[in-house]
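Visitor: Contents of protein25.tsv (TSV, C-alpha atoms) are below:
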chain	number	residue	atom	x	y	z
A	1	MET	CA	190.81	22.41	144.20
A	2	ALA	CA	188.15	20.97	146.53
A	3	ALA	CA	184.91	22.85	147.05
A	4	SER	CA	184.57	24.36	150.48
A	5	SER	CA	181.63	23.48	152.67
A	6	SER	CA	180.50	27.13	152.83
A	7	SER	CA	179.98	27.28	149.06
A	8	ALA	CA	178.04	24.02	149.19
A	9	THR	CA	175.60	25.45	151.73
A	10	SER	CA	175.10	28.72	149.86
A	11	GLU	CA	174.25	26.89	146.67
A	12	GLN	CA	170.97	25.01	146.89
A	13	LYS	CA	170.72	21.39	145.88
A	14	LYS	CA	168.68	20.99	142.69
A	15	ILE	CA	165.74	18.61	142.53
A	16	VAL	CA	164.30	17.41	139.21
A	17	LEU	CA	160.53	16.99	138.95
A	18	LYS	CA	159.40	14.80	136.06
A	19	SER	CA	155.85	15.30	134.75
A	20	SER	CA	153.57	12.55	133.49
A	21	ASP	CA	154.43	13.77	129.97
A	22	GLY	CA	158.13	13.10	130.62
A	23	ASP	CA	159.22	16.75	130.84
A	24	GLU	CA	161.71	17.59	133.57
A	25	PHE	CA	161.85	20.72	135.69
A	26	GLN	CA	164.76	21.70	137.93
A	27	LEU	CA	163.89	23.34	141.22
A	28	GLU	CA	165.98	24.38	144.17
A	29	GLU	CA	165.42	22.07	147.11
A	30	ASN	CA	163.98	24.80	149.36
A	31	ALA	CA	161.23	25.41	146.78
A	32	ALA	CA	160.57	21.75	145.97
A	33	VAL	CA	160.22	20.57	149.58
A	34	GLN	CA	157.17	22.79	150.12
A	35	SER	CA	155.50	19.69	148.70
A	36	ILE	CA	155.36	17.01	151.40
A	37	THR	CA	155.31	14.31	148.70
A	38	VAL	CA	158.52	15.67	147.17
A	39	LYS	CA	160.07	16.26	150.61
A	40	ASN	CA	159.55	12.60	151.52
A	41	MET	CA	161.17	11.46	148.28
A	42	VAL	CA	164.11	13.84	148.76
A	43	GLU	CA	164.61	12.38	152.24
A	44	ASP	CA	164.75	8.96	150.54
A	45	ASP	CA	167.61	10.29	148.33
A	46	TYR	CA	165.64	10.73	145.10
A	47	THR	CA	167.10	13.38	142.80
A	48	VAL	CA	164.69	12.83	139.91
A	49	ILE	CA	161.15	12.67	141.21
A	50	PRO	CA	158.54	11.14	138.90
A	51	LEU	CA	155.09	12.73	139.17
A	52	PRO	CA	152.76	10.40	137.22
A	53	ASN	CA	149.63	12.31	138.29
A	54	VAL	CA	150.81	15.76	137.18
A	55	ASP	CA	150.97	16.82	133.53
A	56	THR	CA	153.45	19.35	132.14
A	57	LYS	CA	150.97	22.24	131.87
A	58	THR	CA	150.00	21.88	135.52
A	59	LEU	CA	153.56	21.29	136.73
A	60	ILE	CA	154.70	24.53	135.08
A	61	LYS	CA	152.12	26.45	137.15
A	62	ILE	CA	153.00	24.57	140.33
A	63	THR	CA	156.75	25.18	139.95
A	64	GLU	CA	156.01	28.88	139.43
A	65	TYR	CA	154.04	28.88	142.70
A	66	LEU	CA	156.75	26.95	144.59
A	67	LYS	CA	159.60	29.16	143.33
A	68	THR	CA	157.79	32.38	144.14
A	69	HIS	CA	156.78	31.25	147.60
A	70	ALA	CA	160.29	30.00	148.40
A	71	ASP	CA	161.90	33.25	147.18
A	72	GLU	CA	159.43	35.56	148.88
A	73	LYS	CA	159.50	33.66	152.19
A	74	MET	CA	163.26	34.09	152.27
A	75	LYS	CA	162.71	37.83	151.81
A	76	SER	CA	159.81	37.78	154.30
A	77	ASN	CA	157.69	39.82	151.89
A	78	GLU	CA	154.07	38.95	152.72
A	79	GLU	CA	152.61	41.68	150.47
A	80	GLU	CA	154.39	40.29	147.42
A	81	ILE	CA	153.17	36.76	148.23
A	82	LYS	CA	149.58	37.99	148.60
A	83	LYS	CA	149.80	39.86	145.28
A	84	PHE	CA	151.29	36.82	143.55
A	85	ASP	CA	148.59	34.52	144.98
A	86	LYS	CA	145.82	36.86	143.84
A	87	ASP	CA	147.28	37.05	140.32
A	88	PHE	CA	148.00	33.30	140.29
A	89	VAL	CA	144.31	32.35	140.52
A	90	LYS	CA	142.85	35.44	138.85
A	91	GLU	CA	142.55	34.44	135.20
A	92	LYS	CA	142.34	30.66	135.65
A	93	SER	CA	139.33	28.76	134.37
A	94	TYR	CA	137.46	26.37	136.65
A	95	ASN	CA	139.05	23.46	134.77
A	96	ASP	CA	142.54	24.88	135.37
A	97	LEU	CA	141.74	25.37	139.05
A	98	PHE	CA	140.41	21.82	139.35
A	99	GLU	CA	143.55	20.40	137.69
A	100	LEU	CA	145.71	22.41	140.08
A	101	VAL	CA	143.65	21.22	143.08
A	102	LEU	CA	144.20	17.60	142.06
A	103	ALA	CA	147.94	18.18	141.64
A	104	ALA	CA	148.27	20.20	144.88
A	105	ASN	CA	146.45	17.43	146.73
A	106	TYR	CA	148.69	14.73	145.19
A	107	LEU	CA	151.82	16.75	145.95
A	108	ASP	CA	150.52	17.71	149.41
A	109	ILE	CA	151.12	21.45	149.11
A	110	LYS	CA	148.89	22.85	151.85
A	111	GLY	CA	149.32	26.55	151.03
A	112	LEU	CA	148.47	26.03	147.37
A	113	MET	CA	145.55	23.77	148.23
A	114	ASP	CA	144.13	26.41	150.61
A	115	LEU	CA	144.57	29.15	148.00
A	116	LEU	CA	142.86	27.16	145.23
A	117	CYS	CA	139.95	25.94	147.35
A	118	GLN	CA	139.32	29.46	148.66
A	119	SER	CA	139.40	30.82	145.11
A	120	ILE	CA	136.85	28.24	143.96
A	121	ALA	CA	134.65	28.92	147.00
A	122	ASP	CA	134.77	32.67	146.35
A	123	ARG	CA	133.79	32.14	142.72
A	124	ILE	CA	130.79	29.91	143.42
A	125	LYS	CA	129.50	32.06	146.26
A	126	ASP	CA	126.12	33.58	145.30
A	127	LYS	CA	125.74	31.29	142.28
A	128	SER	CA	122.50	29.42	141.75
A	129	TYR	CA	122.44	25.70	142.40
A	130	MET	CA	122.18	25.14	138.63
A	131	ALA	CA	125.32	27.18	138.05
A	132	VAL	CA	127.19	25.24	140.74
A	133	ARG	CA	126.01	21.95	139.24
A	134	LYS	CA	127.26	23.04	135.83
A	135	ILE	CA	130.62	24.18	137.23
A	136	PHE	CA	131.19	20.85	139.00
A	137	ASN	CA	129.61	18.83	136.18
A	138	ILE	CA	126.96	17.31	138.45
A	139	THR	CA	124.08	15.62	136.66
A	140	THR	CA	120.61	15.26	138.15
A	141	ASP	CA	118.79	12.03	138.74
A	142	TYR	CA	115.48	13.78	139.46
A	143	THR	CA	112.58	13.74	137.03
A	144	GLU	CA	111.13	17.11	135.97
A	145	ALA	CA	108.19	16.61	138.38
A	146	GLU	CA	110.52	15.83	141.30
A	147	LEU	CA	112.67	18.84	140.41
A	148	GLU	CA	109.65	21.16	140.49
A	149	GLU	CA	108.63	19.79	143.89
A	150	VAL	CA	112.12	20.36	145.29
A	151	LYS	CA	112.10	23.90	143.90
A	152	LYS	CA	108.83	24.64	145.72
A	153	GLU	CA	110.03	23.15	149.01
A	154	HIS	CA	113.44	24.84	148.93
A	155	ALA	CA	112.91	28.09	147.05
A	156	TRP	CA	115.83	29.74	148.87
A	157	ALA	CA	118.26	27.27	147.27
A	158	HIS	CA	117.19	28.30	143.80
A	159	GLU	CA	118.21	31.91	144.17
A	160	GLY	CA	121.54	33.26	143.02
A	161	GLU	CA	123.43	34.18	139.90
A	162	GLU	CA	123.43	31.93	136.91
A	163	ILE	CA	126.71	30.94	135.35
A	164	ASP	CA	128.12	33.28	132.72
A	165	ASP	CA	130.79	32.88	130.04
A	166	SER	CA	133.49	34.44	132.23
A	167	THR	CA	133.43	31.45	134.59
A	168	ASN	CA	134.55	28.70	132.22
Would you mind writing the file out in structure tokens?
Guide:
Amino acid sequence: MAASSSSATSEQKKIVLKSSDGDEFQLEENAAVQSITVKNMVEDDYTVIPLPNVDTKTLIKITEYLKTHADEKMKSNEEEIKKFDKDFVKEKSYNDLFELVLAANYLDIKGLMDLLCQSIADRIKDKSYMAVRKIFNITTDYTEAELEEVKKEHAWAHEGEEIDDSTN
């Protein structure tokens, strides 16, 4: 018996995302195409989409984000999306957030990119310049004498909280 067209439209096409580690993840098309990179490849008739810049650990988190946002948008439940987003970034380390930013940028997922960048900005707000430098792994090329002079000239920039162990 041939499948009717109505059952074909109610069942979403599955897209396979393949991480740089070789692991494959199946996603419904409506979730996967939130990524412009994936959407473009789907339009070019790819069914297995290689993602050489995204490892398995990061892709697991991204697929969770994509699935939840696709499901909740269909239900039009903004409160659930906001709660999910808050929980999604809540316990992540800076390194996890930076990995997700790189992947979200590569995959061109604007909503995820906005969420991650805002989360990082909120976390570094009120931190001292030394804490921010440590977070972003920025080394100095000033000598101690030059550093002291800069501190005197720009005392306001040297105020703020130092980094603590909860911000790894």
Visitor: At what distance in Å, to one decimal, does CA of Leu59 in chain A lie from CA of Asp23 in chain A?
Guide: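 CA of Asp23 in chain A sits 9.3 Å away from CA of Leu59 in chain A.
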Visitor: Please provide the set of residues having any atom within 6 Å of Lys14 in chain A, restricted to only C-alpha atoms, with same-chain residues fewer than 5 positions apart removed, written as number ranges by chain.
Guide: A: 27-29
Visitor: Name the closest residue to Asp85 in chain A among the candidates A:Glu99, A:Asp122, A:Glu43, A:Asp114; distances are taken between atoms, counting only C-alpha atoms.
Guide: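 Using only C-alpha atoms, Asp85 in chain A sits closest to A:Asp114.
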Visitor: Return as a tab-separated table the residues of range 109-139 of chain A lying at most 9 Å from range 87-94 of chain A, together with the closest atom-to-atom pair for each and the distance in Å to one decimal, counting only C-alpha atoms, with rows in chain order and ascending residue number.
Guide:
residue	atom	partner	partner_atom	distance
A:Leu115	CA	A:Val89	CA	8.1
A:Leu116	CA	A:Val89	CA	7.2
A:Ser119	CA	A:Val89	CA	6.9
A:Ile120	CA	A:Tyr94	CA	7.6
A:Ile135	CA	A:Tyr94	CA	7.2
A:Phe136	CA	A:Tyr94	CA	8.7
Visitor: Quick one: everything within 12 Å of range 33-41 of chain A, counting all atoms listed in the file, minus sequence neighbours fewer than 2 positions away in the same chain. Send it as a PyMOL selection string.
Guide: chain A and resi 12-18+27-31+43-51+62-63+65-71+73+103-113
Visitor: One number please: CA of Lys61 in chain A to CA of Leu100 in chain A, in Å, one decimal.
Guide: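 Distance reported for this atom pair: 8.1 Å.
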Visitor: Between A:Glu72, A:Glu79, A:Lys86, A:Met130, which is the closest to Gln118 in chain A once you count all atoms listed in the file?
Guide: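 Checking each candidate against Gln118 in chain A, we get A:Lys86 as the closest.
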Visitor: Please provide the set of residues having any atom within 6 Å of range 146-158 of chain A, restricted to only C-alpha atoms, with same-chain residues fewer than 3 positions apart removed, written as number ranges by chain.
Guide: A: 128, 142-143
Visitor: So the first atom is CA of Thr58 in chain A and the second is CA of Met74 in chain A; what is the distance between them in Å, to one decimal place?
Guide: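 CA of Met74 in chain A lies 24.6 Å from CA of Thr58 in chain A.
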Visitor: Please, what is the axis-aligned box for every listed atom of range 68-74 of chain A with 6 Å on each side, as centre and edge lengths in Å to one decimal, as JSON?
Guide:
{"center_x": 160.0, "center_y": 32.8, "center_z": 148.2, "size_x": 18.5, "size_y": 17.6, "size_z": 20.1}
Visitor: Can you work out which one of A:Ile124, A:Pro52, A:Ile81, A:Lys57 has the shortest atom-to-atom distance to Asp96 in chain A, counting only C-alpha atoms?
Guide: A:Lys57
